[in-house]
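Have a look at my_file03.txt below; it lists compact mmCIF, C-alpha atoms.
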```
# COMPACT_ATOMS: atom_id res chain seq x y z
CA VAL I 25 -22.30 -11.72 9.33
CA ARG I 26 -21.38 -8.15 8.35
CA HIS I 27 -18.35 -8.30 10.64
CA GLY I 28 -17.44 -11.69 9.19
CA LEU I 29 -17.63 -10.09 5.75
CA ALA I 30 -15.22 -7.38 6.95
CA LEU I 31 -12.77 -10.07 8.10
CA ILE I 32 -12.93 -11.89 4.75
CA LEU I 33 -12.28 -8.60 2.95
CA GLN I 34 -9.41 -8.00 5.34
CA LEU I 35 -7.89 -11.31 4.19
CA CYS I 36 -8.45 -10.35 0.54
CA ASN I 37 -6.75 -6.98 1.06
CA PHE I 38 -3.98 -8.76 2.96
CA SER I 39 -3.41 -11.05 -0.02
CA ILE I 40 -3.54 -8.27 -2.62
CA TYR I 41 -1.06 -6.05 -0.77
CA THR I 42 1.38 -8.89 -0.15
CA GLN I 43 1.34 -9.44 -3.90
CA GLN I 44 1.89 -5.73 -4.52
CA MET I 45 4.80 -5.63 -2.05
CA ASN I 46 6.48 -8.81 -3.29
CA LEU I 47 8.68 -7.03 -5.81
CA SER I 48 9.59 -4.19 -3.42
CA ILE I 49 11.13 -6.64 -0.96
CA ALA I 50 12.42 -9.20 -3.49
CA ILE I 51 14.12 -6.64 -5.73
CA THR I 52 16.84 -6.13 -3.14
CA ALA I 53 17.75 -9.81 -3.53
CA MET I 54 17.21 -9.89 -7.30
CA VAL I 55 19.86 -7.25 -8.12
CA ASN I 56 23.62 -7.53 -7.83
CA SER I 57 23.79 -4.08 -6.25
CA THR I 58 22.36 -0.63 -6.65
CA VAL I 59 24.64 0.37 -9.52
CA ALA I 60 26.15 3.80 -9.00
CA PRO I 61 27.54 6.03 -11.72
CA SER I 62 31.35 5.87 -11.97
CA GLN I 63 33.43 8.55 -10.33
CA PRO I 64 36.17 9.99 -12.55
CA ASN I 65 38.30 11.15 -9.60
CA ALA I 66 37.84 8.12 -7.39
CA SER I 67 41.00 6.32 -6.35
CA THR I 68 41.36 2.75 -7.51
CA GLU I 69 43.87 1.94 -4.79
CA MET I 70 41.59 2.48 -1.82
CA PRO I 71 38.45 0.35 -1.29
CA LEU I 72 35.32 2.47 -1.21
CA THR I 73 33.06 1.68 1.69
CA HIS I 74 29.38 2.60 1.57
CA PRO I 75 26.10 1.34 3.09
CA GLN I 76 25.35 -0.97 0.18
CA ASP I 77 28.34 -3.13 1.15
CA HIS I 78 26.46 -4.31 4.23
CA TRP I 79 23.54 -5.25 2.01
CA ASN I 80 25.73 -7.10 -0.49
CA SER I 81 27.49 -9.07 2.24
CA SER I 82 24.14 -10.40 3.46
CA LEU I 83 23.19 -11.31 -0.10
CA LYS I 84 26.28 -13.47 -0.41
CA GLU I 85 24.94 -15.55 2.45
CA SER I 86 21.55 -15.81 0.76
CA LYS I 87 20.42 -18.72 -1.36
CA ALA I 88 18.93 -16.17 -3.77
CA VAL I 89 21.84 -15.40 -6.10
CA PRO I 90 21.35 -11.88 -7.56
CA ALA I 91 20.69 -12.02 -11.28
CA TYR I 92 20.14 -8.47 -12.53
CA ASP I 93 22.16 -5.24 -12.69
CA TRP I 94 19.62 -2.45 -12.17
CA SER I 95 20.51 1.12 -11.18
CA PRO I 96 18.31 2.98 -8.64
CA GLU I 97 16.69 4.82 -11.53
CA ILE I 98 15.82 1.57 -13.31
CA GLN I 99 14.55 0.07 -10.06
CA GLY I 100 12.30 3.09 -9.57
CA ILE I 101 10.91 2.67 -13.07
CA ILE I 102 10.31 -1.04 -12.49
CA LEU I 103 8.50 -0.37 -9.21
CA SER I 104 6.44 2.36 -10.87
CA SER I 105 5.64 0.22 -13.90
CA LEU I 106 3.43 -1.94 -11.71
CA ASN I 107 0.97 0.95 -11.80
CA TYR I 108 1.31 1.87 -15.48
CA GLY I 109 -1.36 -0.59 -16.62
CA SER I 110 -3.87 0.39 -13.97
CA PHE I 111 -5.10 3.75 -15.23
CA VAL I 112 -7.89 2.36 -17.37
CA ALA I 113 -9.13 -0.46 -15.13
CA PRO I 114 -10.55 1.28 -12.00
CA ILE I 115 -13.52 3.18 -13.48
CA PRO I 116 -14.95 0.26 -15.52
CA THR I 117 -14.32 -2.07 -12.59
CA GLY I 118 -16.09 0.18 -10.10
CA TYR I 119 -18.96 0.76 -12.51
CA MET I 120 -19.46 -2.95 -13.22
CA ALA I 121 -19.20 -3.83 -9.52
CA GLY I 122 -21.96 -1.31 -8.81
CA ILE I 123 -24.21 -2.76 -11.52
CA PHE I 124 -23.56 -6.50 -11.30
CA GLY I 125 -22.31 -6.84 -7.73
CA ALA I 126 -18.91 -7.08 -6.14
CA LYS I 127 -18.81 -10.81 -5.50
CA SER I 128 -17.88 -11.88 -9.03
CA VAL I 129 -15.70 -8.83 -9.77
CA VAL I 130 -13.60 -9.06 -6.60
CA GLY I 131 -13.38 -12.86 -6.65
CA THR I 132 -12.25 -13.00 -10.27
CA GLY I 133 -9.64 -10.28 -9.73
CA LEU I 134 -8.23 -11.98 -6.62
CA LEU I 135 -8.00 -15.41 -8.27
CA ALA I 136 -6.41 -14.15 -11.49
CA SER I 137 -3.92 -11.91 -9.67
CA SER I 138 -2.86 -14.75 -7.37
CA VAL I 139 -2.29 -17.14 -10.26
CA LEU I 140 -0.21 -14.54 -12.17
CA THR I 141 1.89 -13.89 -9.06
CA LEU I 142 2.93 -17.55 -9.10
CA PHE I 143 4.38 -17.05 -12.59
CA ILE I 144 6.43 -13.87 -11.93
CA PRO I 145 9.77 -15.69 -11.32
CA LEU I 146 9.34 -17.52 -14.62
CA ALA I 147 8.49 -14.26 -16.37
CA ALA I 148 11.59 -12.55 -14.88
CA ASP I 149 13.84 -15.29 -16.25
CA ALA I 150 12.20 -14.99 -19.65
CA GLY I 151 12.44 -11.20 -19.65
CA VAL I 152 8.65 -10.85 -19.85
CA ALA I 153 6.82 -8.20 -17.82
CA LEU I 154 3.79 -9.42 -15.90
CA SER I 155 1.55 -6.85 -14.21
CA GLU I 156 -1.24 -8.04 -11.93
CA ILE I 157 -2.18 -4.50 -10.91
CA PRO I 158 -5.22 -4.25 -13.25
CA LEU I 159 -6.52 -7.44 -11.64
CA GLN I 160 -5.69 -6.21 -8.13
CA VAL I 161 -7.62 -3.04 -8.94
CA MET I 162 -10.70 -5.22 -9.33
CA VAL I 163 -10.35 -6.17 -5.66
CA SER I 164 -9.43 -2.78 -4.20
CA THR I 165 -12.11 -0.95 -6.22
CA GLY I 166 -14.96 -3.42 -6.41
CA GLN I 167 -15.13 -4.23 -2.69
CA TYR I 168 -16.62 -0.86 -1.74
CA SER I 169 -19.82 -1.64 -3.62
CA ILE I 170 -20.51 -4.31 -0.99
CA TRP I 171 -20.62 -1.78 1.84
CA VAL I 172 -23.34 0.22 0.13
CA LYS I 173 -25.78 -2.57 1.05
CA TRP I 174 -24.03 -4.10 4.06
CA ALA I 175 -22.73 -1.21 6.22
CA PRO I 176 -25.14 0.72 8.48
CA PRO I 177 -24.15 4.43 8.54
CA LEU I 178 -23.17 4.29 12.22
CA GLU I 179 -20.83 1.33 11.56
CA ARG I 180 -19.47 2.36 8.17
CA SER I 181 -16.11 3.60 9.43
CA GLN I 182 -15.34 0.56 11.56
CA LEU I 183 -16.37 -1.97 8.90
CA THR I 184 -14.44 -0.31 6.08
CA SER I 185 -11.40 0.31 8.29
CA MET I 186 -11.42 -3.30 9.50
CA ALA I 187 -11.42 -4.47 5.88
CA GLY I 188 -8.86 -1.85 4.85
CA SER I 189 -6.47 -2.79 7.65
CA GLY I 190 -5.62 -5.88 5.63
CA SER I 191 -3.49 -3.67 3.39
CA MET I 192 -1.22 -2.66 6.26
CA LEU I 193 -1.26 -6.20 7.68
CA GLY I 194 -0.19 -7.61 4.32
CA THR I 195 2.59 -5.06 3.98
CA PHE I 196 3.75 -5.87 7.52
CA ILE I 197 3.85 -9.62 6.93
CA VAL I 198 5.63 -9.50 3.57
CA LEU I 199 8.26 -7.10 4.93
CA LEU I 200 8.68 -9.19 8.07
CA THR I 201 9.03 -12.53 6.30
CA GLY I 202 10.13 -11.52 2.80
CA GLY I 203 13.77 -10.97 3.76
CA LEU I 204 13.88 -14.28 5.65
CA ILE I 205 12.36 -16.12 2.68
CA CYS I 206 14.84 -14.53 0.26
CA GLN I 207 17.78 -15.33 2.51
CA ASN I 208 16.84 -18.91 3.37
CA ILE I 209 15.00 -20.45 0.41
CA GLY I 210 15.35 -17.89 -2.40
CA TRP I 211 13.49 -14.83 -3.69
CA PRO I 212 11.17 -16.76 -6.09
CA TYR I 213 9.42 -18.30 -3.09
CA VAL I 214 8.20 -14.87 -2.01
CA PHE I 215 5.96 -14.95 -5.08
CA TYR I 216 5.05 -18.62 -4.71
CA ILE I 217 3.97 -18.36 -1.07
CA PHE I 218 1.89 -15.20 -1.26
CA GLY I 219 0.38 -16.14 -4.60
CA GLY I 220 -0.72 -19.42 -3.01
CA ILE I 221 -2.27 -17.60 -0.07
CA GLY I 222 -4.34 -15.53 -2.50
CA CYS I 223 -5.63 -18.67 -4.17
CA ALA I 224 -6.60 -20.01 -0.74
CA CYS I 225 -8.54 -16.80 0.06
CA CYS I 226 -10.71 -17.43 -2.98
CA LEU I 227 -11.96 -20.60 -1.29
CA LEU I 228 -13.48 -18.39 1.42
CA TRP I 229 -14.67 -15.63 -0.86
CA PHE I 230 -16.90 -17.45 -3.34
CA PRO I 231 -18.98 -19.59 -0.93
CA LEU I 232 -19.32 -17.09 1.95
CA VAL I 233 -19.76 -13.64 0.35
CA TYR I 234 -23.03 -12.31 -1.06
CA ASN I 235 -23.80 -8.94 -2.61
CA ASP I 236 -26.96 -8.34 -0.58
CA PRO I 237 -27.94 -9.27 3.01
CA GLY I 238 -31.30 -10.39 1.67
CA ASN I 239 -29.70 -13.21 -0.31
CA HIS I 240 -27.28 -14.44 2.35
CA PRO I 241 -28.20 -17.95 3.58
CA PHE I 242 -26.64 -17.66 7.06
CA ILE I 243 -27.66 -14.18 8.22
CA SER I 244 -30.13 -13.88 11.10
CA ALA I 245 -33.50 -12.21 10.64
CA GLY I 246 -32.59 -9.61 13.27
CA GLU I 247 -29.37 -8.56 11.57
CA LYS I 248 -31.06 -8.47 8.18
CA ARG I 249 -33.83 -6.25 9.57
CA TYR I 250 -31.33 -3.96 11.33
CA ILE I 251 -29.31 -3.39 8.16
CA ALA I 252 -32.43 -2.81 6.06
CA CYS I 253 -33.86 -0.28 8.53
CA SER I 254 -30.58 1.61 8.90
CA LEU I 255 -30.27 1.97 5.12
CA ALA I 256 -33.94 2.74 4.49
CA GLN I 257 -33.30 6.46 3.89
CA GLN I 258 -30.30 5.83 1.64
CA ASP I 259 -30.61 5.42 -2.11
CA CYS I 260 -28.37 2.39 -2.69
CA SER I 261 -29.79 1.11 -5.96
CA PRO I 262 -27.18 1.53 -8.71
CA GLY I 263 -28.13 3.14 -11.99
CA TRP I 264 -26.79 2.73 -15.49
CA THR I 265 -26.61 6.49 -16.04
CA LEU I 266 -24.07 8.71 -14.26
CA PRO I 267 -24.45 12.43 -13.37
CA LEU I 268 -21.05 13.25 -14.88
CA LYS I 269 -21.63 17.00 -15.08
CA ALA I 270 -22.62 17.19 -11.41
CA MET I 271 -19.54 15.15 -10.51
CA ILE I 272 -17.21 17.43 -12.48
CA LEU I 273 -18.66 20.52 -10.79
CA SER I 274 -18.62 19.03 -7.28
CA LEU I 275 -16.01 20.76 -5.11
CA PRO I 276 -16.26 18.15 -2.31
CA LEU I 277 -15.50 15.43 -4.86
CA TRP I 278 -12.42 17.30 -6.11
CA ALA I 279 -11.26 17.79 -2.52
CA ILE I 280 -11.47 14.01 -2.04
CA VAL I 281 -9.56 13.42 -5.31
CA VAL I 282 -6.70 15.75 -4.31
CA SER I 283 -6.48 14.19 -0.84
CA TYR I 284 -6.44 10.70 -2.38
CA PHE I 285 -3.53 11.66 -4.63
CA CYS I 286 -1.52 13.13 -1.75
CA GLU I 287 -2.21 10.22 0.58
CA TYR I 288 -1.19 7.58 -1.97
CA TRP I 289 1.88 9.52 -3.10
CA LEU I 290 3.11 9.21 0.46
CA PHE I 291 1.96 5.58 0.79
CA TYR I 292 3.56 4.29 -2.42
CA THR I 293 6.84 6.06 -1.72
CA ILE I 294 7.04 4.53 1.75
CA MET I 295 5.88 1.10 0.57
CA SER I 296 8.41 0.99 -2.26
CA TYR I 297 11.48 2.45 -0.56
CA THR I 298 11.25 1.66 3.15
CA PRO I 299 13.34 -1.55 2.79
CA THR I 300 15.96 0.25 0.68
CA TYR I 301 16.07 3.23 3.04
CA ILE I 302 16.55 1.07 6.11
CA SER I 303 19.16 -1.16 4.46
CA SER I 304 21.27 1.67 3.05
CA VAL I 305 20.87 4.47 5.61
CA LEU I 306 20.68 2.32 8.74
CA GLN I 307 23.13 -0.20 7.21
CA THR I 308 21.19 -3.35 8.09
CA ASN I 309 21.36 -6.78 6.49
CA LEU I 310 18.60 -8.46 4.51
CA ARG I 311 16.87 -10.07 7.48
CA ASP I 312 16.97 -7.05 9.81
CA SER I 313 15.87 -4.72 7.02
CA GLY I 314 12.70 -6.73 6.52
CA ILE I 315 11.90 -6.80 10.23
CA LEU I 316 12.51 -3.07 10.75
CA SER I 317 10.62 -2.17 7.57
CA ALA I 318 7.60 -4.11 8.84
CA LEU I 319 7.26 -2.31 12.17
CA PRO I 320 5.63 0.93 10.89
CA PHE I 321 3.04 -1.07 8.99
CA VAL I 322 1.88 -3.16 11.94
CA VAL I 323 1.41 0.12 13.83
CA GLY I 324 -0.62 1.39 10.89
CA CYS I 325 -2.74 -1.78 10.83
CA VAL I 326 -3.74 -1.37 14.47
CA CYS I 327 -4.36 2.37 14.11
CA ILE I 328 -6.61 1.89 11.07
CA ILE I 329 -8.96 -0.31 13.10
CA LEU I 330 -8.85 2.04 16.09
CA SER I 331 -9.54 5.07 13.88
CA GLY I 332 -12.69 3.43 12.49
CA LEU I 333 -13.94 2.56 15.98
CA LEU I 334 -13.19 6.09 17.21
CA ALA I 335 -14.93 7.73 14.26
CA ASP I 336 -18.10 5.67 14.74
CA PHE I 337 -18.01 6.31 18.50
CA LEU I 338 -17.85 10.07 17.96
CA LEU I 339 -20.68 9.84 15.44
CA SER I 340 -22.98 7.55 17.44
CA ARG I 341 -22.55 9.63 20.62
CA ARG I 342 -23.12 12.80 18.58
CA VAL I 343 -19.87 14.30 19.84
CA LEU I 344 -19.06 15.58 16.35
CA ARG I 345 -20.94 15.80 13.06
CA LEU I 346 -20.04 13.39 10.29
CA VAL I 347 -18.47 16.10 8.10
CA THR I 348 -16.37 17.31 11.04
CA ILE I 349 -15.14 13.79 11.76
CA ARG I 350 -14.10 13.24 8.14
CA LYS I 351 -12.29 16.59 7.96
CA LEU I 352 -10.54 16.13 11.32
CA PHE I 353 -9.26 12.63 10.56
CA THR I 354 -8.11 13.69 7.08
CA ALA I 355 -6.33 16.78 8.40
CA ILE I 356 -4.39 14.71 10.94
CA GLY I 357 -3.70 11.80 8.58
CA ASN I 358 -2.76 13.85 5.53
CA GLY I 359 -1.41 16.97 7.19
CA VAL I 360 2.05 18.45 6.78
CA VAL I 361 2.59 18.74 10.53
CA PHE I 362 1.83 15.10 11.25
CA SER I 363 2.43 12.18 8.84
CA SER I 364 4.48 14.10 6.28
CA GLY I 365 6.21 16.30 8.84
CA VAL I 366 7.82 13.44 10.74
CA LEU I 367 9.12 11.98 7.48
CA VAL I 368 10.82 15.25 6.58
CA ALA I 369 12.51 15.15 9.98
CA LEU I 370 14.07 11.73 9.24
CA HIS I 371 17.09 13.43 7.67
CA TRP I 372 18.13 14.92 11.00
CA VAL I 373 17.67 11.75 13.09
CA ARG I 374 19.22 9.20 10.71
CA SER I 375 22.14 8.64 13.08
CA SER I 376 19.78 7.10 15.63
CA HIS I 377 18.14 3.81 14.64
CA GLY I 378 15.58 3.98 17.42
CA THR I 379 14.46 7.53 16.66
CA THR I 380 14.23 6.76 12.96
CA MET I 381 11.95 3.79 13.60
CA VAL I 382 9.79 5.81 16.00
CA PHE I 383 9.35 8.53 13.37
CA LEU I 384 8.43 5.98 10.69
CA ALA I 385 5.89 4.39 13.06
CA LEU I 386 4.39 7.79 13.93
CA SER I 387 4.00 8.66 10.27
CA SER I 388 2.22 5.37 9.64
CA ALA I 389 -0.04 5.88 12.67
CA PHE I 390 -1.07 9.40 11.64
CA SER I 391 -1.54 8.41 8.00
CA SER I 392 -3.86 5.54 8.93
CA LEU I 393 -6.43 8.01 10.26
CA CYS I 394 -7.30 8.84 6.65
CA GLU I 395 -9.02 5.45 6.44
CA ALA I 396 -11.84 6.90 8.59
CA GLY I 397 -11.54 10.27 6.85
CA VAL I 398 -11.15 10.97 3.16
CA LEU I 399 -10.73 7.34 2.07
CA VAL I 400 -14.32 6.50 3.01
CA ASN I 401 -15.87 9.91 2.42
CA PHE I 402 -17.17 9.10 -1.07
CA LEU I 403 -19.55 6.55 0.52
CA ASP I 404 -21.08 9.41 2.50
CA ILE I 405 -21.61 11.86 -0.36
CA ALA I 406 -22.83 9.46 -3.08
CA PRO I 407 -23.44 5.84 -1.99
CA ARG I 408 -25.41 5.11 -5.15
CA TYR I 409 -22.29 5.68 -7.28
CA ALA I 410 -19.76 4.34 -4.76
CA GLY I 411 -18.22 1.81 -7.16
CA PHE I 412 -17.69 4.37 -9.94
CA LEU I 413 -16.32 7.01 -7.55
CA LYS I 414 -13.93 4.54 -5.95
CA GLY I 415 -12.68 3.70 -9.43
CA LEU I 416 -12.12 7.40 -10.10
CA MET I 417 -10.18 7.75 -6.85
CA GLN I 418 -8.10 4.69 -7.68
CA ILE I 419 -6.97 6.27 -10.95
CA PHE I 420 -5.50 9.23 -9.09
CA ALA I 421 -4.04 6.87 -6.48
CA HIS I 422 -2.29 4.85 -9.20
CA ILE I 423 -1.08 8.01 -10.92
CA ALA I 424 0.62 8.85 -7.63
CA GLY I 425 1.91 5.28 -7.43
CA ALA I 426 3.35 5.47 -10.93
CA ILE I 427 5.08 8.81 -10.42
CA SER I 428 6.34 8.76 -6.84
CA PRO I 429 8.73 5.74 -6.98
CA THR I 430 10.16 7.01 -10.27
CA VAL I 431 10.77 10.46 -8.80
CA ALA I 432 12.35 8.88 -5.70
CA GLY I 433 14.58 6.67 -7.88
CA VAL I 434 15.77 9.65 -9.95
CA LEU I 435 16.51 11.67 -6.80
CA ILE I 436 18.43 8.77 -5.24
CA ASN I 437 20.39 8.31 -8.46
CA GLN I 438 21.35 12.02 -8.46
CA VAL I 439 22.28 12.12 -4.79
CA ARG I 440 24.28 8.87 -4.56
CA PRO I 441 27.42 10.07 -6.44
CA ASN I 442 27.81 12.95 -3.97
CA VAL I 443 27.29 10.59 -1.04
CA LEU I 444 29.92 8.18 -2.33
CA MET I 445 32.39 11.01 -2.94
CA ASN I 446 31.92 12.25 0.63
CA VAL I 447 32.48 8.73 1.95
CA HIS I 448 35.64 8.47 -0.16
CA LYS I 449 36.94 11.77 1.21
CA ARG I 450 36.30 10.66 4.79
CA ASN I 451 38.14 7.40 4.12
CA SER I 452 41.08 9.35 2.66
CA GLN I 453 41.20 11.64 5.69
CA ARG I 454 41.15 8.70 8.07
CA LEU I 455 43.97 7.01 6.14
CA CYS I 456 46.12 10.19 6.19
CA HIS I 457 45.45 10.62 9.90
CA SER I 458 46.51 7.03 10.61
CA HIS I 459 49.80 7.61 8.71
```
Is it possible to give me this structure as structure tokens?
Amino acid sequence: VRHGLALILQLCNFSIYTQQMNLSIAITAMVNSTVAPSQPNASTEMPLTHPQDHWNSSLKESKAVPAYDWSPEIQGIILSSLNYGSFVAPIPTGYMAGIFGAKSVVGTGLLASSVLTLFIPLAADAGVALSEIPLQVMVSTGQYSIWVKWAPPLERSQLTSMAGSGSMLGTFIVLLTGGLICQNIGWPYVFYIFGGIGCACCLLWFPLVYNDPGNHPFISAGEKRYIACSLAQQDCSPGWTLPLKAMILSLPLWAIVVSYFCEYWLFYTIMSYTPTYISSVLQTNLRDSGILSALPFVVGCVCIILSGLLADFLLSRRVLRLVTIRKLFTAIGNGVVFSSGVLVALHWVRSSHGTTMVFLALSSAFSSLCEAGVLVNFLDIAPRYAGFLKGLMQIFAHIAGAISPTVAGVLINQVRPNVLMNVHKRNSQRLCHSH
């Protein structure tokens, strides 16, 4: 039953992350073009060719007629604004999930977020901003309170990583199919389809998920006894009071917070701008951009599950201590040499499509190791306050999510005029050479 619970949570995370990624993939079909600042010295007699032309030509073939003129800077702000309303929600959500149980908190958040997703196209036409992120936070934060009573210590990494892999799976599917949906039936259906899937997941969640193994009607006596015995030495009972002073002075907790921020800065930047990067730098059309953008995430999905299995194997065989496992997986997943290092190297391999995709896949693979490292470490150090601590981590994750796409949009907006000018110069040189 505990593995079935992990699969249901995987579906919930799949649904939530498809809803988070909807706008990132649909925005390329919603805008006329990435509006660039005008060039005072640009010739009006010669057509200016740049990577966005390939993107626009594919949009003309799409049934989704672009409706908005948004510059890269505005697009970055829009993508970041999804996180602006989420700074207050995580801590109360985690706290209430710890006190009252995750079933109602997660189920309510998933249902409400899915219903709001269905209304986003209507809201866009009306010029109204709808943000489901505070509701999605209820799912991503509240679910960890379940593992306090369901996950034996020797299976904690594999169960949480199996559930967490739904995030990468959802990102993979929406990137793989989002471009096809936009091109064939229109960008509003991206929101309709994945919002409907979320509503369907609720039909599994409410009847099959229980906060405690002792109350589950289908669990066997042997599994219930095994879970109870494995958690006998762990203080899992939530309390109304919180040791805030001890938390503030805890260096391990601050190390987890900093690692969370760094990991999600990288994640939100990649999640928001991978489709745009592939379409503009690799000059692909709408369909191919979605397929190529999805590949790193399916690699990440598989590696998340494998990392959890490997971590529990090393722990159960006593190859490494728990603290060593967490530090090792975090160092590889969040290290400069690995996940971030290969992204920095993308600039020098952009002429090769294959090498670029390999580097993106490697970054995703290395980064996924954090799921069995720092991303689950708070369950080890304070399981009694897991819901509250996860909420605290989510605040720093959403701060990174609010800042990183905006920073990327500003940088792209500053760099693009120089890129276009260089393209114009090359076109002029080719024209002179042909004469």
**Report entry** Distance query Val323 of chain I at most 10 Å, all atoms listed in the file, self and fewer than 4 positions along chain excluded, as a PyMOL selection string
**Finding:** chain I and resi 192-193+196+318-319+327-328+384-390+392
Query raised in the report: Mind pulling up the distance from atom CA of Ile436 of chain I to atom CA of Pro96 of chain I?
Result: 6.7 Å
Query raised in the report: Do you know which residues are at most 12 Å from Pro241 of chain I counting all atoms listed in the file, after dropping those on the same chain fewer than 6 positions away, and could you put them as a list in words?
Result: Val25, Pro231, Leu232, Val233, Tyr234, Asn235 and Lys248 of chain I
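Coordinates place atom CA of Leu344 of chain I at a distance of 13.7 Å from atom CA of Ala396 of chain I.
Considering only C-alpha atoms, the residue among I:Cys225, I:Met417, I:Leu393, I:Ala245 positioned nearest to Val282 of chain I is I:Met417.
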**Report entry** Residue contacts of Trp174 of chain I (8 Å, all atoms listed in the file) excluding same-chain residues fewer than 5 positions away, as a PyMOL selection string
**Finding:** chain I and resi 26+236-237+251
Query - Contacts of Tyr250 of chain I within 12 Å, only C-alpha atoms, excl. fewer than 4 positions in-chain, as a VMD selection string - result: chain I and resid 26 173 to 179 237 to 238 243 to 246 254 to 256
Residues of the last selection are to be written out with C-alpha atoms, as a CSV table (one decimal), in the coordinates of the input.
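Output below, filename out_36.csv:
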```csv
chain,number,residue,atom,x,y,z
I,26,ARG,CA,-21.4,-8.2,8.4
I,173,LYS,CA,-25.8,-2.6,1.0
I,174,TRP,CA,-24.0,-4.1,4.1
I,175,ALA,CA,-22.7,-1.2,6.2
I,176,PRO,CA,-25.1,0.7,8.5
I,177,PRO,CA,-24.2,4.4,8.5
I,178,LEU,CA,-23.2,4.3,12.2
I,179,GLU,CA,-20.8,1.3,11.6
I,237,PRO,CA,-27.9,-9.3,3.0
I,238,GLY,CA,-31.3,-10.4,1.7
I,243,ILE,CA,-27.7,-14.2,8.2
I,244,SER,CA,-30.1,-13.9,11.1
I,245,ALA,CA,-33.5,-12.2,10.6
I,246,GLY,CA,-32.6,-9.6,13.3
I,254,SER,CA,-30.6,1.6,8.9
I,255,LEU,CA,-30.3,2.0,5.1
I,256,ALA,CA,-33.9,2.7,4.5
```
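The residue that comes closest to Val172 of chain I, out of I:Leu159, I:Pro407, I:Met186, I:Thr354 and on the basis of only C-alpha atoms, is I:Pro407.
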Query raised in the report: Suppose you want the space between atom CA of Asn401 of chain I and atom CA of His240 of chain I; what is it in Å?
Result: 26.9 Å
Requested in this report: Measuring atom to atom with all atoms listed in the file, identify which of I:Leu339, I:Ser189, I:Ala279, I:Gly332 is nearest to Leu31 of chain I.
Outcome: I:Ser189
With segment 290-312 of chain I as the partner and 12 Å as the cut-off, tabulate the residues of segment 318-422 of chain I that qualify, each row holding the nearest pair of atoms and their distance in Å to one decimal, using all atoms listed in the file, sorted by chain and rising number, as a Markdown table.
```
| residue | atom | partner | partner_atom | distance |
| --- | --- | --- | --- | --- |
| I:Ala318 | CA | I:Pro299 | CA | 8.7 |
| I:Leu319 | CA | I:Thr298 | CA | 10.6 |
| I:Pro320 | CA | I:Thr298 | CA | 9.6 |
| I:Phe321 | CA | I:Met295 | CA | 9.1 |
| I:Gly324 | CA | I:Phe291 | CA | 11.2 |
| I:Gly357 | CA | I:Leu290 | CA | 10.9 |
| I:Asn358 | CA | I:Leu290 | CA | 9.0 |
| I:Gly359 | CA | I:Leu290 | CA | 11.2 |
| I:Val360 | CA | I:Leu290 | CA | 11.2 |
| I:Ser363 | CA | I:Leu290 | CA | 8.9 |
| I:Ser364 | CA | I:Leu290 | CA | 7.7 |
| I:Gly365 | CA | I:Leu290 | CA | 11.4 |
| I:Leu367 | CA | I:Ile294 | CA | 9.6 |
| I:Val368 | CA | I:Leu290 | CA | 11.5 |
| I:Leu370 | CA | I:Val305 | CA | 10.6 |
| I:His371 | CA | I:Val305 | CA | 9.9 |
| I:Val373 | CA | I:Leu306 | CA | 10.8 |
| I:Arg374 | CA | I:Val305 | CA | 7.1 |
| I:Ser375 | CA | I:Leu306 | CA | 7.8 |
| I:Ser376 | CA | I:Leu306 | CA | 8.4 |
| I:His377 | CA | I:Leu306 | CA | 6.6 |
| I:Gly378 | CA | I:Leu306 | CA | 10.2 |
| I:Thr379 | CA | I:Leu306 | CA | 11.3 |
| I:Thr380 | CA | I:Leu306 | CA | 8.9 |
| I:Met381 | CA | I:Ile302 | CA | 9.2 |
| I:Leu384 | CA | I:Thr298 | CA | 9.1 |
| I:Ala385 | CA | I:Ile294 | CA | 11.4 |
| I:Ser387 | CA | I:Leu290 | CA | 9.9 |
| I:Ser388 | CA | I:Phe291 | CA | 8.9 |
| I:Phe390 | CA | I:Phe291 | CA | 11.9 |
| I:Ser391 | CA | I:Phe291 | CA | 8.5 |
| I:Ser392 | CA | I:Phe291 | CA | 10.0 |
| I:Cys394 | CA | I:Phe291 | CA | 11.4 |
| I:Ala421 | CA | I:Tyr292 | CA | 9.0 |
| I:His422 | CA | I:Tyr292 | CA | 9.0 |
```
Who sits within 10 Å of Gln43 of chain I, all atoms listed in the file, same chain under 5 positions skipped, as an mmCIF file with C-alpha atoms, in the coordinates of the input:
```
data_model
loop_
_atom_site.group_PDB
_atom_site.id
_atom_site.type_symbol
_atom_site.label_atom_id
_atom_site.label_comp_id
_atom_site.auth_asym_id
_atom_site.auth_seq_id
_atom_site.Cartn_x
_atom_site.Cartn_y
_atom_site.Cartn_z
ATOM 1 C CA ASN I 37 -6.750 -6.980 1.060
ATOM 2 C CA PHE I 38 -3.980 -8.760 2.960
ATOM 3 C CA SER I 48 9.590 -4.190 -3.420
ATOM 4 C CA SER I 137 -3.920 -11.910 -9.670
ATOM 5 C CA SER I 138 -2.860 -14.750 -7.370
ATOM 6 C CA LEU I 140 -0.210 -14.540 -12.170
ATOM 7 C CA THR I 141 1.890 -13.890 -9.060
ATOM 8 C CA LEU I 142 2.930 -17.550 -9.100
ATOM 9 C CA GLU I 156 -1.240 -8.040 -11.930
ATOM 10 C CA ILE I 157 -2.180 -4.500 -10.910
ATOM 11 C CA GLN I 160 -5.690 -6.210 -8.130
ATOM 12 C CA GLY I 194 -0.190 -7.610 4.320
ATOM 13 C CA THR I 195 2.590 -5.060 3.980
ATOM 14 C CA VAL I 198 5.630 -9.500 3.570
ATOM 15 C CA VAL I 214 8.200 -14.870 -2.010
ATOM 16 C CA PHE I 215 5.960 -14.950 -5.080
ATOM 17 C CA TYR I 216 5.050 -18.620 -4.710
ATOM 18 C CA ILE I 217 3.970 -18.360 -1.070
ATOM 19 C CA PHE I 218 1.890 -15.200 -1.260
ATOM 20 C CA GLY I 219 0.380 -16.140 -4.600
ATOM 21 C CA ILE I 221 -2.270 -17.600 -0.070
ATOM 22 C CA GLY I 222 -4.340 -15.530 -2.500
#
```
